[in-house]
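**Q** The structure's right below; bear with me while I get my questions together.
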Amino acid sequence: MSRGLPLLHRRRVLAAGAIGGITCAAVAVGAAMAGQDGSGASDRASTKAASTISCPEVTGSLPEIPAQAKAEVDRNLALLRTQLDEANKRLATSQGQGGPNFVRNAILGPLADKRKSTLDRIAISIGRHAEKPRGLDALAECSLGAGSGSGSGSGAGAGGSTPATAEPSAPGSGAEGGAQDGSGAGTGAGPGSAQSISCPDVASKIGAVPAAAQAEVDRNIALLGTQLDEANKRLASSVGQGGPNFVQNAILGPLKDKRASTIDRIRISISRQGATAPSGLDALAGCSLASG
């Protein structure tokens, strides 16, 4: 009996030590797994927080709006909200796609073009009844930032954001530098060297132009030509870049937005002189690829 008790005691000690070791190991593994889960959640939350588009606030930069222009201004402010919401949805659904310039070329650039056209319409609608506000073009550009980018009640997004694109109002500046296409495929399925961009002729569809509007119409017709030349240069310099949607996202889409804004200015300059503005010009904004 005197020999059995120490042996039994030793067995109990060894068993307790083994159980304790297993418990400690389980706790350590659980802690490590918890740490990994927490880190992953943090990374995902950080990514989501950073993937938001923020645009300058517009309403605070507007003068007193004449009653006759208020309905049109409100419609365009609502359109700014819609444009920002659509861009944020596009951003959320395209995470991981494209290359380093994808967001700029396929989302921020086209958004700036759309906002510029809308801001132009706001300025023009106010200018018909009061002094036309100036400097609204500077509010067209948006940027990526943390936090909510859904826009304030003004429809212009968070104020004070730093512009992310260089010159959305300059002809042909909608897309720069080696972007990938919207599908995320960097397969080199870019346009061939024999392709060029073809756009509908606008000048022949305008009809009679009042003498007082002729100079402005001519300037905008020339701008349409410049926009097309710049887009064709971009097409030629981007051969082999992006995937099957690269040309549409980075070249044709921004070109269409620029042309729509320019065509709108042509129509407004004619109607401002009391003449009947030509109808159907909006249908001439879109361009396409052509061989030769």
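For the structure tokens, the naming scheme is as follows: chains receive sequential letters (A, B, ...) according to their order of presentation, residues are indexed from 1 within each chain, and ligands are indexed from 1 in presentation order.
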Please provide the set of residues having any atom within 10 Å of Leu223 (chain A), restricted to only C-alpha atoms, with same-chain residues fewer than 4 positions apart removed, written as a short mmCIF file (atom, residue, chain, number, x, y, z; two decimals) with N, CA, C and O atoms, in the first residue's frame.
**A**
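Written out: selection.cif:
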data_model
loop_
_atom_site.label_atom_id
_atom_site.label_comp_id
_atom_site.auth_asym_id
_atom_site.auth_seq_id
_atom_site.Cartn_x
_atom_site.Cartn_y
_atom_site.Cartn_z
N ALA A 170 -11.74 69.45 -69.99
CA ALA A 170 -10.90 69.56 -71.17
C ALA A 170 -11.26 68.48 -72.16
O ALA A 170 -11.56 67.37 -71.80
N PRO A 171 -11.24 68.81 -73.46
CA PRO A 171 -11.59 67.82 -74.47
C PRO A 171 -10.72 66.59 -74.38
O PRO A 171 -9.50 66.68 -74.31
N VAL A 217 -22.20 78.79 -81.47
CA VAL A 217 -22.46 77.50 -82.11
C VAL A 217 -21.20 77.00 -82.81
O VAL A 217 -20.84 75.81 -82.70
N ASP A 218 -20.51 77.89 -83.51
CA ASP A 218 -19.28 77.49 -84.21
C ASP A 218 -18.22 76.99 -83.24
O ASP A 218 -17.51 76.00 -83.52
N ARG A 219 -18.11 77.65 -82.10
CA ARG A 219 -17.12 77.21 -81.10
C ARG A 219 -17.44 75.81 -80.61
O ARG A 219 -16.54 74.97 -80.44
N GLN A 227 -12.93 66.99 -79.48
CA GLN A 227 -13.24 65.84 -78.62
C GLN A 227 -13.05 64.52 -79.37
O GLN A 227 -12.49 63.56 -78.83
N LEU A 228 -13.50 64.49 -80.61
CA LEU A 228 -13.35 63.27 -81.41
C LEU A 228 -11.89 62.99 -81.72
O LEU A 228 -11.43 61.84 -81.64
N ASP A 229 -11.13 64.04 -82.06
CA ASP A 229 -9.69 63.85 -82.33
C ASP A 229 -8.97 63.31 -81.11
O ASP A 229 -8.13 62.40 -81.22
N LYS A 258 -19.23 64.04 -72.93
CA LYS A 258 -18.72 65.35 -73.36
C LYS A 258 -19.55 65.90 -74.52
O LYS A 258 -19.89 67.08 -74.56
N ARG A 259 -19.85 65.03 -75.48
CA ARG A 259 -20.63 65.47 -76.64
C ARG A 259 -22.04 65.88 -76.23
O ARG A 259 -22.59 66.87 -76.75
N THR A 262 -21.84 69.36 -74.87
CA THR A 262 -21.56 70.33 -75.93
C THR A 262 -22.79 70.55 -76.81
O THR A 262 -23.13 71.68 -77.17
N ILE A 263 -23.46 69.47 -77.16
CA ILE A 263 -24.68 69.57 -77.98
C ILE A 263 -25.76 70.34 -77.23
O ILE A 263 -26.50 71.14 -77.81
#
**Q** Provide the CA of Leu80 (chain A) to CA of Ala112 (chain A) distance in Å, to one decimal place.
**A**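 Between CA of Leu80 (chain A) and CA of Ala112 (chain A) the gap is 10.4 Å.
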**Q** What separation in Å, quoted to one decimal, exists between CA of Gln248 (chain A) and CA of Ile107 (chain A)?
**A** 11.9 Å
**Q** Which residue gives the smallest distance to Leu108 (chain A) among A:Lys205, A:Arg81, A:Lys132, A:Arg90, with only C-alpha atoms counted?
**A** A:Arg90
**Q** Pick the closest to Ala123 (chain A) from A:Pro100, A:Gly240, A:Pro66, A:Pro110: which is it, counting only C-alpha atoms?
**A**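 Looking at the shortest contact to Ala123 (chain A), the residue is A:Pro66.
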**Q** List the neighbours of Arg267 (chain A) out to 12 Å using only C-alpha atoms; skip same-chain residues closer than 4 positions along the sequence, and give me the result as a PyMOL selection string.
**A** chain A and resi 121+124+202-203+205-210+213-214+216-217+220-221+260-263+271-282
**Q** Please indicate the distance in Å from CA of Ala67 (chain A) to CA of Ser125 (chain A), rounded to one decimal place.
**A** 10.9 Å
**Q** I need the residue nearest Leu139 (chain A) from this list: A:Gln97, A:Asn76, A:Ser237, A:Thr59. Use only C-alpha atoms for the distance.
**A**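 Smallest distance to Leu139 (chain A) is found for A:Thr59.
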